[in-house]
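Chemist: Here's a structure for you.
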Amino acid sequence: MVERCPECGAVMSYEISTKKYLCKSCGLYVTKEQILELREKAQTTSEKEKKKQRQNEVLSWWLSKK
Ligand SMILES: [Zn+2]
């Protein structure tokens, strides 16, 4: 199952040994529970604003990856 980073929206890779998710984009290293917590917090901000922000961040991540 693919998890998306609550901070930047990038795809996170799961580490079976530690049961944690690592975001290769921003370096966030959290458990599944922490992802859900962060996601809940993020929902308090405007959904539209967040969506816009996420698109920009994903775009810049995508460009920096090349
Ligand atoms: Zn991230």
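Residue numbering restarts at 1 in every chain; chains get A, B, ... in the order shown in the structure tokens, and ligands count up from 1 in that same order.
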Which residues are near Val11 of chain A? Cut-off 12 Å, only C-alpha atoms, ignore same chain within fewer than 5 positions. Put them as a PyMOL selection string.

Modeler: chain A and resi 1-6+21-28+58+61-62

Chemist: Given the selection you just returned, output its residues as a file containing N, CA and C atoms, formatted as a PDB file, in the first residue's frame.

Modeler:
ATOM      1  N   MET A   1       0.838  -1.206   0.000  1.00  0.00           N
ATOM      2  CA  MET A   1       0.000   0.000   0.000  1.00  0.00           C
ATOM      3  C   MET A   1       0.872   1.254   0.000  1.00  0.00           C
ATOM      4  N   VAL A   2       0.520   2.179  -0.862  1.00  0.00           N
ATOM      5  CA  VAL A   2       1.315   3.390  -1.009  1.00  0.00           C
ATOM      6  C   VAL A   2       0.788   4.496  -0.094  1.00  0.00           C
ATOM      7  N   GLU A   3       1.702   5.088   0.662  1.00  0.00           N
ATOM      8  CA  GLU A   3       1.348   6.228   1.502  1.00  0.00           C
ATOM      9  C   GLU A   3       1.945   7.488   0.905  1.00  0.00           C
ATOM     10  N   ARG A   4       1.189   8.562   1.029  1.00  0.00           N
ATOM     11  CA  ARG A   4       1.688   9.848   0.552  1.00  0.00           C
ATOM     12  C   ARG A   4       2.138  10.680   1.738  1.00  0.00           C
ATOM     13  N   CYS A   5       3.222  11.396   1.546  1.00  0.00           N
ATOM     14  CA  CYS A   5       3.762  12.230   2.603  1.00  0.00           C
ATOM     15  C   CYS A   5       2.779  13.343   2.972  1.00  0.00           C
ATOM     16  N   PRO A   6       2.427  13.444   4.272  1.00  0.00           N
ATOM     17  CA  PRO A   6       1.503  14.499   4.694  1.00  0.00           C
ATOM     18  C   PRO A   6       2.117  15.883   4.600  1.00  0.00           C
ATOM     19  N   TYR A  21       7.633   4.850   7.613  1.00  0.00           N
ATOM     20  CA  TYR A  21       7.621   5.365   6.249  1.00  0.00           C
ATOM     21  C   TYR A  21       8.650   6.477   6.110  1.00  0.00           C
ATOM     22  N   LEU A  22       9.379   6.430   5.016  1.00  0.00           N
ATOM     23  CA  LEU A  22      10.378   7.464   4.746  1.00  0.00           C
ATOM     24  C   LEU A  22      10.004   8.234   3.487  1.00  0.00           C
ATOM     25  N   CYS A  23       9.997   9.556   3.621  1.00  0.00           N
ATOM     26  CA  CYS A  23       9.769  10.406   2.456  1.00  0.00           C
ATOM     27  C   CYS A  23      11.123  10.799   1.886  1.00  0.00           C
ATOM     28  N   LYS A  24      11.347  10.401   0.642  1.00  0.00           N
ATOM     29  CA  LYS A  24      12.635  10.705   0.027  1.00  0.00           C
ATOM     30  C   LYS A  24      12.710  12.144  -0.446  1.00  0.00           C
ATOM     31  N   SER A  25      11.548  12.799  -0.458  1.00  0.00           N
ATOM     32  CA  SER A  25      11.505  14.177  -0.923  1.00  0.00           C
ATOM     33  C   SER A  25      11.903  15.165   0.176  1.00  0.00           C
ATOM     34  N   CYS A  26      11.252  15.057   1.357  1.00  0.00           N
ATOM     35  CA  CYS A  26      11.523  16.035   2.417  1.00  0.00           C
ATOM     36  C   CYS A  26      12.207  15.397   3.625  1.00  0.00           C
ATOM     37  N   GLY A  27      12.384  14.080   3.609  1.00  0.00           N
ATOM     38  CA  GLY A  27      13.103  13.430   4.693  1.00  0.00           C
ATOM     39  C   GLY A  27      12.263  13.062   5.894  1.00  0.00           C
ATOM     40  N   LEU A  28      10.958  13.217   5.794  1.00  0.00           N
ATOM     41  CA  LEU A  28      10.060  12.874   6.891  1.00  0.00           C
ATOM     42  C   LEU A  28      10.114  11.363   7.137  1.00  0.00           C
ATOM     43  N   VAL A  58       4.660  19.193  -5.370  1.00  0.00           N
ATOM     44  CA  VAL A  58       4.896  17.985  -6.148  1.00  0.00           C
ATOM     45  C   VAL A  58       5.606  18.341  -7.441  1.00  0.00           C
ATOM     46  N   TRP A  61       9.154  19.125  -6.700  1.00  0.00           N
ATOM     47  CA  TRP A  61       9.839  17.863  -6.358  1.00  0.00           C
ATOM     48  C   TRP A  61      10.155  17.094  -7.623  1.00  0.00           C
ATOM     49  N   TRP A  62       9.193  17.064  -8.508  1.00  0.00           N
ATOM     50  CA  TRP A  62       9.330  16.338  -9.758  1.00  0.00           C
ATOM     51  C   TRP A  62      10.443  16.945 -10.607  1.00  0.00           C
TER      52      TRP A  62
END

Chemist: Give me the residues near Leu59 of chain A as a PDB file with C-alpha atoms, in the first residue's frame, where near means some atom within 12 Å (using only C-alpha atoms) and where sequence neighbours in that chain fewer than 4 positions away do not count.

Modeler:
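In the end it all went to part_10.pdb:
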ATOM      1  CA  CYS A   8       4.884  17.380   0.750  1.00  0.00           C
ATOM      2  CA  GLY A   9       2.635  14.838  -0.968  1.00  0.00           C
ATOM      3  CA  ALA A  10       5.419  12.690  -2.352  1.00  0.00           C
ATOM      4  CA  SER A  25      11.505  14.177  -0.923  1.00  0.00           C
ATOM      5  CA  LYS A  52      -2.868  24.231  -4.582  1.00  0.00           C
ATOM      6  CA  GLN A  53       0.172  24.107  -2.335  1.00  0.00           C
ATOM      7  CA  ARG A  54       0.562  20.373  -2.787  1.00  0.00           C
ATOM      8  CA  GLN A  55       0.466  20.651  -6.551  1.00  0.00           C
ATOM      9  CA  LEU A  63      11.514  18.948 -11.418  1.00  0.00           C
ATOM     10  CA  SER A  64      14.306  18.626  -8.845  1.00  0.00           C
ATOM     11  CA  LYS A  65      14.293  14.856  -9.312  1.00  0.00           C
ATOM     12  CA  LYS A  66      15.422  15.099 -12.904  1.00  0.00           C
TER      13      LYS A  66
END

Chemist: What separation in Å, quoted to one decimal, exists between atom CA of Glu49 of chain A and atom 1 (Zn, counted along the ligand's line) of ligand 1?

Modeler: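 Taking atom CA of Glu49 of chain A as the start and atom 1 (Zn, counted along the ligand's line) of ligand 1 as the end point, the length is 17.5 Å.
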
Chemist: Using only C-alpha atoms and all ligand atoms, pick whichever of A:Glu33, A:Glu7, A:Glu57, A:Glu40 has the shortest atom-to-atom distance to ligand 1.

Modeler: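 Closest residue, counting only C-alpha atoms and all ligand atoms: A:Glu7.
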
Chemist: As a PyMOL selection string, list the residues of chain A assigned to alpha helix (DSSP H) by DSSP on the backbone atoms of this structure.

Modeler: chain A and resi 32-42+47-65

Chemist: As an exercise, work out the distance from atom CA of Thr18 of chain A to atom CA of Lys41 of chain A in Å and give it to one decimal place.

Modeler: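 Going from atom CA of Thr18 of chain A over to atom CA of Lys41 of chain A covers 24.2 Å.
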
Chemist: DSSP on the backbone, then: every residue of chain A marked strand (DSSP E or B), written as a list in words.

Modeler: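 Here are the strand (DSSP E or B) residues of chain A: Glu3, Arg4, Val11, Met12, Ser13, Tyr14, Glu15, Lys20, Tyr21, Leu22, Cys23, Tyr29 and Val30 of chain A.
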
Chemist: Could you write out that same residue set with N, CA and C atoms as a PDB file, in the first residue's frame?

Modeler:
ATOM      1  N   GLU A   3       1.702   5.088   0.662  1.00  0.00           N
ATOM      2  CA  GLU A   3       1.348   6.228   1.502  1.00  0.00           C
ATOM      3  C   GLU A   3       1.945   7.488   0.905  1.00  0.00           C
ATOM      4  N   ARG A   4       1.189   8.562   1.029  1.00  0.00           N
ATOM      5  CA  ARG A   4       1.688   9.848   0.552  1.00  0.00           C
ATOM      6  C   ARG A   4       2.138  10.680   1.738  1.00  0.00           C
ATOM      7  N   VAL A  11       5.397  10.296  -2.706  1.00  0.00           N
ATOM      8  CA  VAL A  11       5.193   8.903  -2.318  1.00  0.00           C
ATOM      9  C   VAL A  11       6.264   8.494  -1.313  1.00  0.00           C
ATOM     10  N   MET A  12       5.824   7.845  -0.230  1.00  0.00           N
ATOM     11  CA  MET A  12       6.762   7.437   0.809  1.00  0.00           C
ATOM     12  C   MET A  12       7.107   5.961   0.648  1.00  0.00           C
ATOM     13  N   SER A  13       8.324   5.612   1.012  1.00  0.00           N
ATOM     14  CA  SER A  13       8.704   4.204   0.941  1.00  0.00           C
ATOM     15  C   SER A  13       8.634   3.579   2.335  1.00  0.00           C
ATOM     16  N   TYR A  14       8.107   2.377   2.385  1.00  0.00           N
ATOM     17  CA  TYR A  14       7.889   1.689   3.654  1.00  0.00           C
ATOM     18  C   TYR A  14       9.074   0.800   4.004  1.00  0.00           C
ATOM     19  N   GLU A  15       9.511   0.916   5.248  1.00  0.00           N
ATOM     20  CA  GLU A  15      10.593   0.061   5.723  1.00  0.00           C
ATOM     21  C   GLU A  15      10.001  -1.025   6.615  1.00  0.00           C
ATOM     22  N   LYS A  20       8.268   1.839   9.493  1.00  0.00           N
ATOM     23  CA  LYS A  20       8.138   3.289   9.339  1.00  0.00           C
ATOM     24  C   LYS A  20       8.167   3.668   7.874  1.00  0.00           C
ATOM     25  N   TYR A  21       7.633   4.850   7.613  1.00  0.00           N
ATOM     26  CA  TYR A  21       7.621   5.365   6.249  1.00  0.00           C
ATOM     27  C   TYR A  21       8.650   6.477   6.110  1.00  0.00           C
ATOM     28  N   LEU A  22       9.379   6.430   5.016  1.00  0.00           N
ATOM     29  CA  LEU A  22      10.378   7.464   4.746  1.00  0.00           C
ATOM     30  C   LEU A  22      10.004   8.234   3.487  1.00  0.00           C
ATOM     31  N   CYS A  23       9.997   9.556   3.621  1.00  0.00           N
ATOM     32  CA  CYS A  23       9.769  10.406   2.456  1.00  0.00           C
ATOM     33  C   CYS A  23      11.123  10.799   1.886  1.00  0.00           C
ATOM     34  N   TYR A  29      10.271  10.998   8.404  1.00  0.00           N
ATOM     35  CA  TYR A  29      10.426   9.590   8.760  1.00  0.00           C
ATOM     36  C   TYR A  29       9.487   9.278   9.916  1.00  0.00           C
ATOM     37  N   VAL A  30       8.356   8.667   9.604  1.00  0.00           N
ATOM     38  CA  VAL A  30       7.288   8.521  10.596  1.00  0.00           C
ATOM     39  C   VAL A  30       6.596   7.171  10.519  1.00  0.00           C
TER      40      VAL A  30
END

Chemist: Please determine, counting only C-alpha atoms and all ligand atoms, which residue among A:Lys19, A:Gln43, A:Lys50, A:Ile35 has the shortest atom-to-atom distance to ligand 1.

Modeler: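 Of the candidates, the smallest distance to ligand 1 is held by A:Ile35.
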